[in-house]
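Asker: Quick one: this structure, given as structure tokens, is what I'll be asking you about.
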Amino acid sequence: MYIKSLELRNFRNYNHINLEFDKGSILFTGNNGNGKTNLLESIHYLSAGRSHRTYIQDELIRWGSEYALLRACIESGDESKMHILEIEIRKNNNIKIRMDGVYQKKKADFISLVPSVIFSPDDLKIIKSNPGTRRDFMDSILEKIFKDYYRLKLQYNKILLQRNSLLKSTEGALSSNHRSTLEVWNQNLVKYGTEIILMRLNLLRSIVQQFNSYVNALFDNADPDIEYVFSWDRDGKTENCGDGKTLYGENHTDIIDGESIRKIFMDKLNESLDRDLANRTTNIGPQRDDFKVFFKNKDVRAFGSQGQQRISSISLKLCELYIIKKMLKREPVLLLDDVLSELDIKRREKLVGVINRNSQTFVTSADSSHFDCLDIDFHKKYLIEDNEVKMVK
Ligand SMILES: Nc1ncnc2c1ncn2[C@@H]1O[C@H](COP(=O)(O)OP(=O)(O)OP(=O)(O)O)[C@@H](O)[C@H]1O
Ligand SMILES: [Mg+2]
């Protein structure tokens, strides 16, 4: 499956561009600030229904314009059918999606039409930034591979919002009415929240071995591991909790079932009531979960070098690519935004080696000489300059 054409109107710095592609690798070069990332962002938006770098839709509309329009012709892989996907973004989060001219009400219906995986320097945030970035990493994969996950999250967030409004309205004291309503929210929170937790646990379980092999290919003697961190374990943990406890690492000790999670979730939710009332928010649940990456039992976020953190984040993204291919049985479009410039030559070669050649791959770089010694053949090359995209090959 691949993107055959891409048209942008008033998207970021672009007034109007119209590009045609084949399968294979495509290179965009241009000076800093010329719009390389913006172009990949538009492809990511068509694929995932959201930007990879902002939640604020208005930022995507070209300054001074009223709307942005993204249009792509996509060969979706199922019997080589062509689809026209159009997304119109208007101010104040007003988004309209059309597929083959028909309006799509639900984002979940089109987000797996053209799956993509983006690699960007921002991926370092998966390791370095707050737990929300790591939850987003897990959730964005699950959204791509399970149609219902997006709806499940919406359902959960709705209940969470209602529970939080109730906590705010009580002003610290619970009436019996409050108590019975809270009981209902708790039941639902645990029901849907457990499903989210289980899906995230399964995701980590199915990528951990792959993660280890990617890290080991890029870094010697790292002895990597991944651990899911439950909201109820977070507060008690310190940064150097590398005590060898693994969820999915070599020992595969803690295979946690839904019933145990439901029970502990409900117990911890009840225990946390006073804190929830004091903070006027829900402290327990998947909205506060996290995961940690360890090298030799040490938390990479706290103790890893810049290089180790970068290798961890790239390996996590390679896992995303691996699991999407495995689950959807399709080659996702690859978006490589200036990732090679961050690596030394040995690791560039290895990264290019593990990335599958069958995918349509969009690559950006401010310096095309980075590719001179690498085994990568671009069938088209573009130069981005003055808000225009010019073909140079
Ligand atoms: N809504 C918008 N309207 C117009 N221009 C915008 C908008 N949002 C961002 N820009 C412009 O887009 C440019 C940044 O583009 P982008 O991040 O794609 O650059 P880049 O080529 O990837 O640069 P680098 O090599 O530094 O990563 C900036 O010059 C910014 O002014
Ligand atoms: Mg950029």
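Following the order of the structure tokens, chains are lettered A, B, ..., residues in each are numbered from 1, and ligands are numbered from 1.
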Within 12 Å of A:Ile127, counting only C-alpha atoms, which residues show up once you throw out same-chain ones fewer than 6 positions away? Write them as a compact mmCIF listing (two decimals) with C-alpha atoms, in the first residue's frame, please.
Answerer:
```
# COMPACT_ATOMS: atom_id res chain seq x y z
CA PRO A 121 14.21 13.56 16.58
CA THR A 133 4.35 10.79 26.09
CA ARG A 134 4.91 7.11 26.83
CA ARG A 135 1.17 6.46 27.21
CA ASP A 136 0.68 8.22 23.87
CA PHE A 137 3.30 5.96 22.32
CA ILE A 226 10.79 -2.86 29.56
CA ASP A 290 3.70 4.61 32.53
CA PHE A 291 6.44 2.29 31.31
CA LYS A 292 10.15 2.24 31.93
CA VAL A 293 13.09 1.13 29.86
CA PHE A 294 16.07 -0.41 31.58
CA ASP A 299 16.33 3.23 34.29
CA VAL A 300 17.48 4.66 30.95
CA ARG A 301 15.47 7.85 31.52
CA ALA A 302 17.42 8.66 34.67
CA PHE A 303 20.80 7.07 33.99
CA GLY A 304 21.15 6.48 30.25
CA SER A 305 23.54 8.50 28.09
CA GLN A 306 22.10 10.64 25.29
CA GLY A 307 23.13 7.91 22.83
CA GLN A 308 21.53 5.14 24.91
CA GLN A 309 18.33 7.15 25.20
CA ARG A 310 18.30 7.73 21.45
CA ILE A 311 18.90 4.06 20.68
CA SER A 312 16.06 3.16 23.09
CA SER A 313 13.62 5.51 21.41
CA ILE A 314 14.58 4.38 17.89
CA SER A 315 14.24 0.75 18.99
CA LEU A 316 10.78 1.45 20.40
CA LYS A 317 9.77 2.98 17.07
```
Asker: Hey, what's within 10 Å of A:Ile345 if we count only C-alpha atoms and toss same-chain stuff fewer than 4 positions away? As a compact mmCIF listing (two decimals) with N, CA and C atoms, in the first residue's frame, please?
Answerer:
```
# COMPACT_ATOMS: atom_id res chain seq x y z
N LEU A 340 18.58 10.21 10.66
CA LEU A 340 19.92 9.69 10.46
C LEU A 340 21.00 10.66 10.92
N SER A 341 20.70 11.96 10.82
CA SER A 341 21.72 12.96 11.18
C SER A 341 22.09 12.87 12.66
N GLU A 349 23.98 2.94 9.24
CA GLU A 349 23.97 1.76 8.38
C GLU A 349 23.05 0.69 8.95
N LYS A 350 23.15 0.51 10.29
CA LYS A 350 22.33 -0.53 10.92
C LYS A 350 20.85 -0.19 10.83
N LEU A 351 20.53 1.08 11.06
CA LEU A 351 19.13 1.49 11.02
C LEU A 351 18.56 1.31 9.61
N HIS A 370 24.34 12.85 3.81
CA HIS A 370 24.21 11.78 4.80
C HIS A 370 23.92 10.43 4.18
N PHE A 371 23.40 10.46 2.96
CA PHE A 371 22.97 9.21 2.33
C PHE A 371 23.98 8.66 1.36
N CYS A 373 26.90 7.27 1.52
CA CYS A 373 27.52 5.95 1.72
C CYS A 373 26.50 4.90 2.15
N LEU A 374 25.21 5.22 2.11
CA LEU A 374 24.23 4.26 2.64
C LEU A 374 23.53 3.52 1.51
```
Asker: Could you build a table of the residues in chain A lying no more than 7 Å from ligand 2, giving for each the nearest pair of atoms and their separation in Å rounded to one decimal place, using only C-alpha atoms and all ligand atoms, ordered by chain and ascending residue number, as a tab-separated table?
Answerer:
```
residue	atom	partner	partner_atom_place_in_ligand_line	distance
A:Asn32	CA	ligand 2	1 (Mg)	6.8
A:Gly33	CA	ligand 2	1 (Mg)	6.8
A:Gly35	CA	ligand 2	1 (Mg)	6.9
A:Lys36	CA	ligand 2	1 (Mg)	5.4
A:Thr37	CA	ligand 2	1 (Mg)	4.1
A:Asp337	CA	ligand 2	1 (Mg)	6.5
A:Asp338	CA	ligand 2	1 (Mg)	6.7
```
Asker: Could you turn the residues from that selection into a file that holds C-alpha atoms, as a PDB file, in the first residue's frame?
Answerer:
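The file below, part15.pdb, is the result:
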```
ATOM      1  CA  ASN A  32      16.274  24.348   8.378  1.00  0.00           C
ATOM      2  CA  GLY A  33      12.821  25.826   8.754  1.00  0.00           C
ATOM      3  CA  GLY A  35       8.987  22.843   5.723  1.00  0.00           C
ATOM      4  CA  LYS A  36      10.387  19.285   5.622  1.00  0.00           C
ATOM      5  CA  THR A  37       8.796  18.197   8.882  1.00  0.00           C
ATOM      6  CA  ASP A 337      12.303  12.886   9.649  1.00  0.00           C
ATOM      7  CA  ASP A 338      15.968  13.783   9.942  1.00  0.00           C
TER       8      ASP A 338
END
```
Asker: Pick out each residue of stretch 84-319 of chain A that DSSP on the backbone tags as strand (DSSP E); I need them as a VMD selection string.
Answerer: chain A and resid 84 to 90 94 to 99 102 to 103 116 to 119 224 to 229 290 to 295 298 to 299
Asker: Take atom CA of A:Leu318 and atom CA of A:Phe119 and report the distance between them in Å, one decimal.
Answerer: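 For atom CA of A:Leu318 relative to atom CA of A:Phe119, the distance reads 8.7 Å.
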